[in-house]
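Some notes on the structure that comes next.
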Amino acid sequence: MERKVRVRFAPSPTGPLHIGGVRTALYNYLFARQHGGTMILRIEDTDSTRFVPGAEDYINEALQWLGIGIDEGVREGGNYGPYKQSERRDIYRKYVKQLLDDGKAYLAFDTPQELEAKRQEVANFQYDASTRLQMRNSLSLPANEVQRLLDAGEKHVVRFMIEPNRDVVVNDLIRGVVTINSSILDDKVLYKSADDLPTYHLANIVDDHLMEVSHVIRGEEWLPSAPLHVLLYEALGWADTMPQFVHLPLLLKPDGKGKLSKRDGDRLGFPVFPLEWHDPKSGDISSGYRERGYLPQAVVNFLALLGWNPGDDREMFTMDELIKEFSFEHCSKKGAKFDFEKGKWFNHEYLMNMADDELAQVFKPVLAQHVDPAQFSDEYIAQAVGLVKSRVNFVHELWDQARFFFVRPEEYAEKDIRKRWKPETPDIMRALIEVLRGIDDFTSQNSEEIVLGWIKEHEYHMGNVMNAFRLTVVGECKGPHMFDISQLLGKDETIARIEAGIENIHLIEN
Ligand code: GLU
């Protein structure tokens, strides 16, 4: 029988969610939605020493910003809660006891100092079948001594007893069958009495089982843990309902081999976190995609293609399209290079595809940092951004490109004056004003026809006249088509700017 698809994203709240973690969440979400399944957000906070305040809220906010919906979780609720591991102590205790009672795990009393001494003494020491009887644990110590230590409240851990020399088979939807020999595994710590909490391995397995997780989709860095997890499912008697493993390819540095790190982002100037992060301890601020001006749809599209491809050369995908098309067959085993320039390209494409009125709404907060947007109609703002959007990758860059639609030039670019403002220019500009005054239909095409006709008729220098015109209106020789600008500004404003230019631009002799 086909299993109901239930997947989980299981971050540890030890800091801001890394962009690689976001991709893991996204792939879980796509797979869940594709199969009408359930997406769980489980907070894996069993390592109290690494807990960072604010990290859980950050995770929620980031997923929400990106449109990665959660069906069951701390905020959403659900029938399999609690969804935070630190609230599930009683549950884990029961399974620790089961493993101990079944002889699949044992108590170990070795102190950190004793373990360290052993490591010094034996090169490549591993706590396993070949060494465990030399250590202080319930297998090597007499039963009454174990009891005495427990009664005395001696700190201890519970270790998983790995049976040596067994081939452990991990079935992975991307990597196929991976077989390893159990002798390379150590007797992992499953539980620590010091904080009465299980370690990641046990909590993760118990929860995946109890939450009826069908597919464990996570980063490649967890692949080495998978054989241990397989053995744990068996030891707990859950081999029949073991989830299907899927280990996603690593995200690699943009310029070389190795895993993408925060340092690469600092070094090459791109964020590795979805949202800006304010470190509560150091006060450091790490930049985020949202604050840098990325659109969530662009980030989703960009991340989706880091490790997955549609099988052809299409690149633009909405979330709904991704849900339809996504598949593990088209995920690569090889790591995916983090091409952040491509991320910018995606953002540009999404800005280009956005309707002008929608883009205008996104731009308004930026505009408000410079002028009062209420002075301008929505229609006006939309047309202005529509004329310049092809020149930007980010919304905040629109101001630089469109500012002259909202404020008159306060100064004029010197290099353009040098090049275009000739002794005869003021007179020609005065004549231009008269020509413009006479135009009734001030639309781009019509004004262009009339003005260019007038320039030709008088045999003026086309480049100089048009650029001088632009200089008075824009303040420099850049921007979209001149007559699109004059149409949007309107006749009166265009003429007023030329007048101001004649007044304020002074000839610079070369
Ligand atoms: N808590 C682990 C992490 O932080 C979860 C790994 C897994 O998905 O099993 O990524």
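Naming scheme: A, B, ... for chains in displayed order of the structure tokens; residues 1 onward per chain; ligands 1 onward as shown.
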List every residue of region 202-317 of chain A that has an atom at most 10 Å from any atom of region 173-176 of chain A, and for each one report the closest atom pair and its distance in Å to one decimal, counting only C-alpha atoms, with rows sorted by chain and then by increasing residue number, as CSV.
residue,atom,partner,partner_atom,distance
A:His215,CA,A:Leu173,CA,9.5
A:Ile217,CA,A:Leu173,CA,9.5
A:Leu223,CA,A:Arg175,CA,10.0
A:Gln244,CA,A:Leu173,CA,7.4
A:Phe245,CA,A:Leu173,CA,6.4
A:Val246,CA,A:Leu173,CA,5.2
A:His247,CA,A:Ile174,CA,6.7
A:Leu248,CA,A:Ile174,CA,7.4
A:Pro249,CA,A:Ile174,CA,8.9
Which residues of chain A come within 7 Å of ligand 1, and what is each one's closest atom pair and distance in Å (one decimal), counting only C-alpha atoms and all ligand atoms, sorted by chain and residue number, as CSV?
residue,atom,partner,partner_atom_place_in_ligand_line,distance
A:Phe9,CA,ligand 1,8 (O),6.3
A:Ala10,CA,ligand 1,5 (C),4.7
A:Pro11,CA,ligand 1,4 (O),4.0
A:Ser12,CA,ligand 1,4 (O),4.2
A:Glu44,CA,ligand 1,1 (N),5.0
A:Tyr200,CA,ligand 1,1 (N),6.7
A:Asn204,CA,ligand 1,9 (O),6.2
A:Val216,CA,ligand 1,8 (O),6.6
A:Ile217,CA,ligand 1,8 (O),6.6
A:Arg218,CA,ligand 1,8 (O),4.8
A:Trp222,CA,ligand 1,6 (C),6.4
As a short mmCIF file (atom, residue, chain, number, x, y, z; two decimals) with N, CA, C and O atoms, in the first residue's frame, please: every residue in region 192-401 of chain A that DSSP puts in helix (DSSP H, G or I).
data_model
loop_
_atom_site.label_atom_id
_atom_site.label_comp_id
_atom_site.auth_asym_id
_atom_site.auth_seq_id
_atom_site.Cartn_x
_atom_site.Cartn_y
_atom_site.Cartn_z
N TYR A 200 20.40 14.06 19.25
CA TYR A 200 19.74 14.21 17.95
C TYR A 200 19.29 12.88 17.37
O TYR A 200 18.15 12.73 16.94
N HIS A 201 20.19 11.89 17.38
CA HIS A 201 19.90 10.63 16.67
C HIS A 201 18.64 9.96 17.20
O HIS A 201 17.75 9.59 16.43
N LEU A 202 18.56 9.81 18.51
CA LEU A 202 17.40 9.09 19.04
C LEU A 202 16.12 9.91 18.86
O LEU A 202 15.09 9.40 18.40
N ALA A 203 16.21 11.19 19.22
CA ALA A 203 15.01 12.03 19.13
C ALA A 203 14.48 12.06 17.70
O ALA A 203 13.27 11.95 17.45
N ASN A 204 15.38 12.18 16.76
CA ASN A 204 15.04 12.26 15.36
C ASN A 204 14.30 11.00 14.88
O ASN A 204 13.27 11.06 14.22
N ILE A 205 14.84 9.85 15.28
CA ILE A 205 14.24 8.57 14.85
C ILE A 205 12.88 8.36 15.52
O ILE A 205 11.90 8.01 14.88
N VAL A 206 12.84 8.60 16.82
CA VAL A 206 11.58 8.41 17.55
C VAL A 206 10.49 9.31 16.96
O VAL A 206 9.36 8.87 16.71
N ASP A 207 10.86 10.55 16.71
CA ASP A 207 9.85 11.48 16.20
C ASP A 207 9.42 11.15 14.77
O ASP A 207 8.24 11.23 14.44
N ASP A 208 10.37 10.78 13.95
CA ASP A 208 9.99 10.42 12.58
C ASP A 208 9.02 9.24 12.61
O ASP A 208 8.06 9.20 11.85
N HIS A 209 9.27 8.32 13.52
CA HIS A 209 8.37 7.17 13.62
C HIS A 209 7.00 7.58 14.14
O HIS A 209 5.98 7.30 13.51
N LEU A 210 7.01 8.28 15.27
CA LEU A 210 5.72 8.62 15.88
C LEU A 210 4.91 9.61 15.03
O LEU A 210 3.69 9.61 15.05
N GLU A 220 22.83 16.50 2.37
CA GLU A 220 23.81 15.42 2.24
C GLU A 220 24.66 15.26 3.50
O GLU A 220 25.16 14.17 3.79
N GLU A 221 24.82 16.34 4.25
CA GLU A 221 25.67 16.24 5.45
C GLU A 221 25.13 15.22 6.45
O GLU A 221 25.86 14.79 7.34
N TRP A 222 23.88 14.80 6.29
CA TRP A 222 23.31 13.82 7.21
C TRP A 222 23.43 12.39 6.71
O TRP A 222 23.06 11.46 7.41
N LEU A 223 23.94 12.22 5.51
CA LEU A 223 24.08 10.87 4.94
C LEU A 223 24.92 9.95 5.84
O LEU A 223 24.56 8.80 6.04
N PRO A 224 26.04 10.45 6.39
CA PRO A 224 26.83 9.56 7.26
C PRO A 224 26.06 9.06 8.48
O PRO A 224 26.40 8.03 9.06
N SER A 225 25.02 9.77 8.89
CA SER A 225 24.23 9.32 10.05
C SER A 225 23.19 8.28 9.66
O SER A 225 22.63 7.60 10.53
N ALA A 226 22.92 8.16 8.36
CA ALA A 226 21.81 7.32 7.94
C ALA A 226 21.96 5.84 8.33
O ALA A 226 20.99 5.22 8.79
N PRO A 227 23.17 5.24 8.19
CA PRO A 227 23.28 3.83 8.60
C PRO A 227 22.92 3.63 10.08
O PRO A 227 22.23 2.67 10.44
N LEU A 228 23.40 4.54 10.92
CA LEU A 228 23.06 4.47 12.33
C LEU A 228 21.54 4.55 12.50
O LEU A 228 20.94 3.83 13.31
N HIS A 229 20.92 5.40 11.72
CA HIS A 229 19.47 5.56 11.83
C HIS A 229 18.75 4.29 11.41
O HIS A 229 17.78 3.87 12.04
N VAL A 230 19.25 3.64 10.36
CA VAL A 230 18.65 2.38 9.92
C VAL A 230 18.72 1.36 11.06
O VAL A 230 17.73 0.68 11.38
N LEU A 231 19.89 1.29 11.70
CA LEU A 231 20.07 0.32 12.80
C LEU A 231 19.14 0.66 13.97
O LEU A 231 18.63 -0.23 14.65
N LEU A 232 18.95 1.94 14.21
CA LEU A 232 18.07 2.35 15.31
C LEU A 232 16.61 1.95 15.03
O LEU A 232 15.90 1.49 15.92
N TYR A 233 16.19 2.15 13.79
CA TYR A 233 14.81 1.72 13.44
C TYR A 233 14.66 0.23 13.72
O TYR A 233 13.67 -0.20 14.30
N GLU A 234 15.66 -0.52 13.33
CA GLU A 234 15.59 -1.98 13.56
C GLU A 234 15.54 -2.28 15.04
O GLU A 234 14.71 -3.07 15.50
N ALA A 235 16.43 -1.65 15.79
CA ALA A 235 16.53 -1.94 17.22
C ALA A 235 15.23 -1.60 17.94
O ALA A 235 14.86 -2.23 18.92
N ALA A 239 11.50 -1.39 11.72
CA ALA A 239 12.11 -1.52 10.38
C ALA A 239 11.06 -1.48 9.27
O ALA A 239 11.32 -0.96 8.19
N ASP A 240 9.88 -2.01 9.54
CA ASP A 240 8.85 -2.09 8.49
C ASP A 240 8.31 -0.72 8.06
O ASP A 240 7.80 -0.58 6.96
N THR A 241 8.37 0.22 8.96
CA THR A 241 7.80 1.53 8.63
C THR A 241 8.88 2.60 8.51
O THR A 241 8.61 3.79 8.62
N LYS A 262 29.17 30.82 5.39
CA LYS A 262 28.88 32.23 5.62
C LYS A 262 30.05 33.10 5.16
O LYS A 262 29.86 34.18 4.63
N ARG A 263 31.25 32.57 5.36
CA ARG A 263 32.43 33.33 4.96
C ARG A 263 32.46 33.62 3.46
O ARG A 263 32.89 34.68 3.03
N ASP A 264 31.98 32.66 2.66
CA ASP A 264 31.93 32.89 1.20
C ASP A 264 31.04 34.08 0.90
O ASP A 264 31.35 34.90 0.04
N GLY A 265 29.94 34.16 1.62
CA GLY A 265 29.02 35.27 1.43
C GLY A 265 29.68 36.59 1.77
O GLY A 265 29.58 37.56 1.03
N ASP A 266 30.39 36.62 2.91
CA ASP A 266 31.06 37.85 3.33
C ASP A 266 32.14 38.24 2.32
O ASP A 266 32.31 39.40 1.97
N ARG A 267 32.85 37.23 1.87
CA ARG A 267 33.98 37.43 0.97
C ARG A 267 33.51 37.95 -0.40
O ARG A 267 34.09 38.84 -0.98
N LEU A 268 32.43 37.34 -0.91
CA LEU A 268 32.00 37.67 -2.27
C LEU A 268 30.79 38.61 -2.30
O LEU A 268 30.33 38.99 -3.38
N TYR A 289 18.44 37.90 2.22
CA TYR A 289 17.89 38.11 0.88
C TYR A 289 16.74 39.11 0.89
O TYR A 289 16.63 39.95 0.01
N ARG A 290 15.88 39.01 1.89
CA ARG A 290 14.73 39.91 1.93
C ARG A 290 15.17 41.36 2.00
O ARG A 290 14.73 42.19 1.21
N GLU A 291 16.08 41.66 2.93
CA GLU A 291 16.51 43.04 3.13
C GLU A 291 17.35 43.55 1.96
O GLU A 291 17.40 44.74 1.71
N ARG A 292 18.00 42.65 1.25
CA ARG A 292 18.78 43.06 0.08
C ARG A 292 17.88 43.40 -1.11
O ARG A 292 18.36 43.81 -2.16
N PRO A 296 10.59 37.14 -2.86
CA PRO A 296 10.55 35.75 -2.40
C PRO A 296 10.39 34.75 -3.54
O PRO A 296 11.02 33.70 -3.53
N GLN A 297 9.61 35.12 -4.56
CA GLN A 297 9.41 34.19 -5.69
C GLN A 297 10.72 33.93 -6.42
O GLN A 297 10.97 32.83 -6.90
N ALA A 298 11.56 34.97 -6.50
CA ALA A 298 12.84 34.82 -7.19
C ALA A 298 13.77 33.90 -6.40
O ALA A 298 14.47 33.06 -6.95
N VAL A 299 13.75 34.07 -5.07
CA VAL A 299 14.60 33.24 -4.22
C VAL A 299 14.17 31.78 -4.32
O VAL A 299 14.99 30.86 -4.44
N VAL A 300 12.86 31.57 -4.30
CA VAL A 300 12.33 30.20 -4.41
C VAL A 300 12.76 29.57 -5.74
O VAL A 300 13.27 28.45 -5.79
N ASN A 301 12.59 30.31 -6.81
CA ASN A 301 12.93 29.81 -8.14
C ASN A 301 14.43 29.47 -8.22
O ASN A 301 14.84 28.40 -8.68
N PHE A 302 15.24 30.40 -7.73
CA PHE A 302 16.69 30.24 -7.72
C PHE A 302 17.09 28.99 -6.92
O PHE A 302 17.85 28.13 -7.40
N LEU A 303 16.55 28.86 -5.72
CA LEU A 303 16.92 27.72 -4.86
C LEU A 303 16.43 26.40 -5.44
O LEU A 303 17.12 25.38 -5.35
N ALA A 304 15.25 26.42 -6.05
CA ALA A 304 14.70 25.18 -6.59
C ALA A 304 15.65 24.57 -7.61
O ALA A 304 15.80 23.35 -7.69
N MET A 319 5.85 28.81 -7.90
CA MET A 319 5.74 27.75 -6.89
C MET A 319 4.81 26.64 -7.37
O MET A 319 5.12 25.46 -7.24
N ASP A 320 3.68 27.02 -7.97
CA ASP A 320 2.74 26.00 -8.44
C ASP A 320 3.36 25.12 -9.53
O ASP A 320 3.14 23.90 -9.55
N GLU A 321 4.12 25.73 -10.39
CA GLU A 321 4.77 24.94 -11.44
C GLU A 321 5.81 24.00 -10.84
O GLU A 321 5.96 22.86 -11.26
N LEU A 322 6.53 24.51 -9.84
CA LEU A 322 7.53 23.66 -9.18
C LEU A 322 6.86 22.46 -8.52
O LEU A 322 7.35 21.33 -8.58
N ILE A 323 5.73 22.73 -7.90
CA ILE A 323 5.00 21.63 -7.24
C ILE A 323 4.64 20.55 -8.26
O ILE A 323 4.76 19.36 -8.01
N LYS A 324 4.26 20.98 -9.43
CA LYS A 324 3.90 20.01 -10.48
C LYS A 324 5.12 19.27 -11.00
O LYS A 324 5.08 18.07 -11.23
N GLU A 325 6.20 19.98 -11.22
CA GLU A 325 7.32 19.41 -11.97
C GLU A 325 8.40 18.73 -11.12
O GLU A 325 9.17 17.93 -11.63
N PHE A 328 12.56 13.78 -7.54
CA PHE A 328 13.90 13.39 -7.08
C PHE A 328 14.72 12.77 -8.20
O PHE A 328 15.94 12.79 -8.15
N GLU A 329 14.05 12.22 -9.22
CA GLU A 329 14.79 11.66 -10.36
C GLU A 329 15.64 12.74 -11.02
O GLU A 329 16.67 12.45 -11.60
N HIS A 330 15.16 13.96 -10.97
CA HIS A 330 15.92 15.05 -11.57
C HIS A 330 16.75 15.85 -10.57
O HIS A 330 17.10 16.99 -10.82
N PHE A 340 25.55 33.04 -7.22
CA PHE A 340 24.71 34.14 -6.72
C PHE A 340 24.40 35.17 -7.79
O PHE A 340 23.42 35.89 -7.70
N GLU A 341 25.24 35.24 -8.85
CA GLU A 341 24.90 36.14 -9.96
C GLU A 341 23.60 35.69 -10.61
O GLU A 341 22.80 36.50 -11.06
N LYS A 342 23.43 34.39 -10.64
CA LYS A 342 22.20 33.83 -11.19
C LYS A 342 21.01 34.24 -10.30
O LYS A 342 19.91 34.48 -10.80
N GLY A 343 21.26 34.33 -9.02
CA GLY A 343 20.20 34.78 -8.12
C GLY A 343 19.75 36.19 -8.47
O GLY A 343 18.55 36.48 -8.49
N LYS A 344 20.71 37.06 -8.80
CA LYS A 344 20.36 38.43 -9.19
C LYS A 344 19.57 38.41 -10.49
O LYS A 344 18.63 39.17 -10.67
N TRP A 345 20.01 37.56 -11.39
CA TRP A 345 19.34 37.45 -12.68
C TRP A 345 17.87 37.06 -12.48
O TRP A 345 16.97 37.64 -13.09
N PHE A 346 17.66 36.10 -11.60
CA PHE A 346 16.27 35.69 -11.32
C PHE A 346 15.46 36.87 -10.80
O PHE A 346 14.33 37.09 -11.19
N ASN A 347 16.09 37.63 -9.92
CA ASN A 347 15.35 38.76 -9.35
C ASN A 347 14.97 39.76 -10.44
O ASN A 347 13.86 40.28 -10.48
N HIS A 348 15.92 40.00 -11.33
CA HIS A 348 15.66 40.90 -12.46
C HIS A 348 14.48 40.38 -13.29
O HIS A 348 13.56 41.13 -13.62
N GLU A 349 14.52 39.10 -13.58
CA GLU A 349 13.45 38.53 -14.40
C GLU A 349 12.09 38.68 -13.71
O GLU A 349 11.09 38.98 -14.35
N TYR A 350 12.08 38.46 -12.41
CA TYR A 350 10.79 38.58 -11.70
C TYR A 350 10.32 40.02 -11.66
O TYR A 350 9.12 40.28 -11.77
N LEU A 351 11.25 40.96 -11.54
CA LEU A 351 10.85 42.37 -11.58
C LEU A 351 10.28 42.70 -12.96
O LEU A 351 9.27 43.40 -13.08
N MET A 352 10.93 42.21 -14.00
CA MET A 352 10.48 42.47 -15.36
C MET A 352 9.08 41.90 -15.60
O MET A 352 8.27 42.48 -16.31
N ASN A 353 8.84 40.75 -15.01
CA ASN A 353 7.56 40.08 -15.24
C ASN A 353 6.43 40.62 -14.37
O ASN A 353 5.28 40.29 -14.56
N ASP A 356 3.36 46.55 -13.78
CA ASP A 356 3.88 47.84 -13.30
C ASP A 356 3.16 48.34 -12.05
O ASP A 356 3.78 48.91 -11.16
N ASP A 357 1.86 48.14 -11.99
CA ASP A 357 1.15 48.67 -10.81
C ASP A 357 1.52 47.88 -9.55
O ASP A 357 1.59 48.42 -8.45
N GLU A 358 1.80 46.61 -9.73
CA GLU A 358 2.22 45.80 -8.59
C GLU A 358 3.62 46.24 -8.13
O GLU A 358 3.88 46.44 -6.94
N LEU A 359 4.48 46.42 -9.10
CA LEU A 359 5.85 46.85 -8.81
C LEU A 359 5.83 48.22 -8.12
O LEU A 359 6.61 48.48 -7.20
N ALA A 360 4.93 49.09 -8.57
CA ALA A 360 4.82 50.42 -7.98
C ALA A 360 4.51 50.32 -6.48
O ALA A 360 5.06 51.08 -5.66
N GLN A 361 3.67 49.38 -6.12
CA GLN A 361 3.32 49.21 -4.70
C GLN A 361 4.53 48.76 -3.89
O GLN A 361 4.75 49.21 -2.77
N VAL A 362 5.32 47.88 -4.47
CA VAL A 362 6.52 47.41 -3.78
C VAL A 362 7.56 48.53 -3.68
O VAL A 362 8.33 48.62 -2.73
N PHE A 363 7.54 49.41 -4.67
CA PHE A 363 8.52 50.50 -4.73
C PHE A 363 8.16 51.65 -3.78
O PHE A 363 9.04 52.39 -3.33
N LYS A 364 6.88 51.79 -3.48
CA LYS A 364 6.43 52.94 -2.67
C LYS A 364 7.21 53.17 -1.37
O LYS A 364 7.57 54.31 -1.07
N PRO A 365 7.48 52.13 -0.59
CA PRO A 365 8.25 52.37 0.64
C PRO A 365 9.64 52.94 0.34
O PRO A 365 10.16 53.75 1.12
N VAL A 366 10.24 52.54 -0.75
CA VAL A 366 11.55 53.10 -1.14
C VAL A 366 11.37 54.57 -1.52
O VAL A 366 12.11 55.45 -1.08
N LEU A 367 10.34 54.83 -2.30
CA LEU A 367 10.05 56.19 -2.74
C LEU A 367 9.84 57.11 -1.53
O LEU A 367 10.31 58.25 -1.49
N ALA A 368 9.15 56.55 -0.53
CA ALA A 368 8.81 57.34 0.66
C ALA A 368 10.05 57.77 1.44
O ALA A 368 9.99 58.71 2.24
N PRO A 373 5.12 60.05 -1.33
CA PRO A 373 4.51 59.38 -2.49
C PRO A 373 3.08 59.88 -2.76
O PRO A 373 2.59 59.73 -3.89
N ALA A 374 2.44 60.49 -1.76
CA ALA A 374 1.07 60.95 -1.96
C ALA A 374 0.98 62.06 -3.01
O ALA A 374 -0.10 62.33 -3.54
N GLN A 375 2.11 62.70 -3.33
CA GLN A 375 2.09 63.73 -4.37
C GLN A 375 1.85 63.13 -5.76
O GLN A 375 1.62 63.86 -6.71
N ASP A 378 -0.97 56.63 -8.27
CA ASP A 378 -0.47 55.27 -8.43
C ASP A 378 -0.11 55.01 -9.89
O ASP A 378 0.88 54.35 -10.21
N GLU A 379 -0.95 55.56 -10.75
CA GLU A 379 -0.75 55.40 -12.18
C GLU A 379 0.60 56.00 -12.63
O GLU A 379 1.35 55.40 -13.39
N TYR A 380 0.89 57.18 -12.08
CA TYR A 380 2.14 57.86 -12.43
C TYR A 380 3.35 57.04 -11.96
O TYR A 380 4.30 56.82 -12.71
N ILE A 381 3.28 56.59 -10.73
CA ILE A 381 4.40 55.80 -10.18
C ILE A 381 4.59 54.52 -11.00
O ILE A 381 5.71 54.13 -11.33
N ALA A 382 3.46 53.90 -11.35
CA ALA A 382 3.54 52.66 -12.13
C ALA A 382 4.21 52.90 -13.48
O ALA A 382 5.04 52.11 -13.93
N GLN A 383 3.83 54.01 -14.13
CA GLN A 383 4.43 54.28 -15.44
C GLN A 383 5.93 54.58 -15.31
O GLN A 383 6.73 54.16 -16.14
N ALA A 384 6.27 55.31 -14.25
CA ALA A 384 7.69 55.63 -14.05
C ALA A 384 8.51 54.36 -13.85
O ALA A 384 9.54 54.16 -14.51
N VAL A 385 8.06 53.47 -12.96
CA VAL A 385 8.86 52.24 -12.74
C VAL A 385 8.85 51.37 -13.99
O VAL A 385 9.84 50.71 -14.31
N GLY A 386 7.74 51.39 -14.71
CA GLY A 386 7.65 50.61 -15.94
C GLY A 386 8.71 51.03 -16.96
O GLY A 386 9.24 50.20 -17.70
N LEU A 387 9.04 52.32 -16.96
CA LEU A 387 10.01 52.82 -17.95
C LEU A 387 11.45 52.47 -17.59
O LEU A 387 12.31 52.45 -18.45
N VAL A 388 11.72 52.22 -16.31
CA VAL A 388 13.12 51.99 -15.94
C VAL A 388 13.42 50.59 -15.41
O VAL A 388 14.57 50.25 -15.15
N LYS A 389 12.39 49.78 -15.26
CA LYS A 389 12.63 48.50 -14.56
C LYS A 389 13.61 47.58 -15.28
O LYS A 389 14.28 46.77 -14.65
N SER A 390 13.74 47.72 -16.59
CA SER A 390 14.66 46.84 -17.30
C SER A 390 16.11 47.12 -16.90
O SER A 390 17.01 46.34 -17.20
N ARG A 391 16.33 48.25 -16.22
CA ARG A 391 17.71 48.64 -15.87
C ARG A 391 18.14 48.21 -14.48
O ARG A 391 19.24 48.54 -14.05
N GLU A 397 16.93 49.78 -6.32
CA GLU A 397 17.69 50.43 -7.39
C GLU A 397 16.78 51.28 -8.29
O GLU A 397 17.27 52.09 -9.08
N LEU A 398 15.49 51.07 -8.17
CA LEU A 398 14.56 51.84 -9.01
C LEU A 398 14.66 53.33 -8.71
O LEU A 398 14.46 54.16 -9.58
N TRP A 399 14.94 53.67 -7.46
CA TRP A 399 15.02 55.09 -7.11
C TRP A 399 16.10 55.80 -7.94
O TRP A 399 15.87 56.87 -8.52
N ASP A 400 17.25 55.17 -8.00
CA ASP A 400 18.35 55.76 -8.74
C ASP A 400 17.99 55.99 -10.20
O ASP A 400 18.38 56.99 -10.79
N GLN A 401 17.27 55.06 -10.75
CA GLN A 401 16.93 55.13 -12.17
C GLN A 401 15.74 56.04 -12.44
O GLN A 401 15.59 56.56 -13.55
#
Using 12 Å as the limit and counting only C-alpha atoms, can you tabulate each residue of region 375-442 of chain A that touches region 469-476 of chain A, with its shortest atom-to-atom distance in Å and the two atoms involved, as a tab-separated table?
residue	atom	partner	partner_atom	distance
A:Asp400	CA	A:Val474	CA	11.5
A:Gln401	CA	A:Val474	CA	10.2
A:Ala402	CA	A:Val474	CA	9.4
A:Arg403	CA	A:Val474	CA	8.8
A:Phe404	CA	A:Val474	CA	5.5
A:Phe405	CA	A:Val474	CA	8.2
A:Phe406	CA	A:Val474	CA	10.5
A:Val407	CA	A:Val474	CA	9.3
A:Arg408	CA	A:Val473	CA	7.4
A:Pro409	CA	A:Gly475	CA	5.0
A:Glu410	CA	A:Gly475	CA	7.5
A:Glu411	CA	A:Gly475	CA	6.2
A:Tyr412	CA	A:Gly475	CA	4.5
A:Ala413	CA	A:Glu476	CA	5.1
A:Glu414	CA	A:Glu476	CA	8.4
A:Lys415	CA	A:Glu476	CA	8.7
A:Asp416	CA	A:Glu476	CA	6.4
A:Ile417	CA	A:Leu471	CA	7.7
A:Arg418	CA	A:Leu471	CA	11.2
A:Lys419	CA	A:Leu471	CA	10.8
A:Arg420	CA	A:Leu471	CA	8.5
A:Trp421	CA	A:Leu471	CA	8.9
A:Thr425	CA	A:Phe469	CA	9.4
A:Pro426	CA	A:Phe469	CA	10.2
A:Asp427	CA	A:Phe469	CA	12.0
A:Ile428	CA	A:Phe469	CA	9.5
A:Met429	CA	A:Phe469	CA	7.1
A:Arg430	CA	A:Phe469	CA	10.5
A:Ala431	CA	A:Phe469	CA	11.4
A:Leu432	CA	A:Phe469	CA	8.5
A:Ile433	CA	A:Phe469	CA	9.9
A:Leu436	CA	A:Phe469	CA	11.4
For the atom pair CA of Leu250 (chain A) and CA of Ala336 (chain A), what is the interatomic distance in Å to one decimal place? 6.2 Å
Among listed residues A:Glu61, A:Thr24, A:Leu489, A:Glu509, nearest Trp308 (chain A) (using only C-alpha atoms):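 For Trp308 (chain A), the nearest of the candidates is A:Thr24.
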Near-region 445-460 of chain A list (12 Å; only C-alpha atoms; drop same-chain fewer than 3 positions) as an MDAnalysis selection string: chainID A and resid 422 424:425 427:429 431:442 463:466 468:469 481:487 490:491 494
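Contact shell of Phe109 (chain A) at 10 Å (only C-alpha atoms; same-chain neighbours under 2 positions omitted): A:Leu107, A:Thr111, A:Pro112, A:Glu114, A:Met135, A:Arg136, A:Asn137, A:Ser138, A:Leu141, A:Val146, A:Leu149, A:Leu150, A:Glu154, A:Lys155, A:His156, A:Val157, A:Val158.
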Give me the residues within 10 Å of Leu17 (chain A) as an MDAnalysis selection string, counting only C-alpha atoms and dropping any in the same chain fewer than 6 places off. chainID A and resid 11 55:56 58:60 62:63 272:275 277
For the residues selected in the previous step, produce a file with N, CA, C and O atoms as a compact mmCIF listing (two decimals), in the first residue's frame.
# COMPACT_ATOMS: atom_id res chain seq x y z
N PRO A 11 14.70 21.69 11.61
CA PRO A 11 15.89 22.49 11.94
C PRO A 11 16.17 22.52 13.44
O PRO A 11 15.27 22.33 14.25
N ALA A 55 15.98 32.15 17.23
CA ALA A 55 16.19 31.33 16.03
C ALA A 55 14.89 30.68 15.55
O ALA A 55 14.64 30.57 14.35
N GLU A 56 14.06 30.27 16.49
CA GLU A 56 12.81 29.61 16.08
C GLU A 56 11.88 30.59 15.37
O GLU A 56 11.29 30.26 14.33
N TYR A 58 12.78 33.16 13.80
CA TYR A 58 13.44 33.44 12.52
C TYR A 58 13.06 32.40 11.47
O TYR A 58 12.74 32.74 10.32
N ILE A 59 13.08 31.13 11.88
CA ILE A 59 12.74 30.04 10.96
C ILE A 59 11.31 30.22 10.44
O ILE A 59 11.05 30.15 9.25
N ASN A 60 10.40 30.49 11.37
CA ASN A 60 9.00 30.67 10.98
C ASN A 60 8.84 31.84 10.02
O ASN A 60 8.11 31.75 9.03
N ALA A 62 11.05 33.24 8.08
CA ALA A 62 11.70 33.00 6.79
C ALA A 62 10.82 32.12 5.90
O ALA A 62 10.61 32.41 4.72
N LEU A 63 10.29 31.05 6.48
CA LEU A 63 9.46 30.14 5.67
C LEU A 63 8.20 30.86 5.20
O LEU A 63 7.76 30.69 4.06
N VAL A 272 23.87 34.69 2.81
CA VAL A 272 23.64 33.24 2.89
C VAL A 272 22.46 32.94 3.81
O VAL A 272 22.20 31.78 4.12
N PHE A 273 21.76 33.99 4.21
CA PHE A 273 20.57 33.80 5.04
C PHE A 273 19.36 34.43 4.35
O PHE A 273 19.50 35.44 3.65
N PRO A 274 18.19 33.83 4.56
CA PRO A 274 17.00 34.38 3.89
C PRO A 274 16.65 35.79 4.40
O PRO A 274 16.34 36.66 3.61
N LEU A 275 16.72 35.98 5.71
CA LEU A 275 16.38 37.27 6.31
C LEU A 275 17.59 37.81 7.05
O LEU A 275 18.46 37.04 7.48
N TRP A 277 19.84 38.82 9.98
CA TRP A 277 19.93 38.19 11.29
C TRP A 277 20.75 39.06 12.23
O TRP A 277 21.86 39.46 11.89
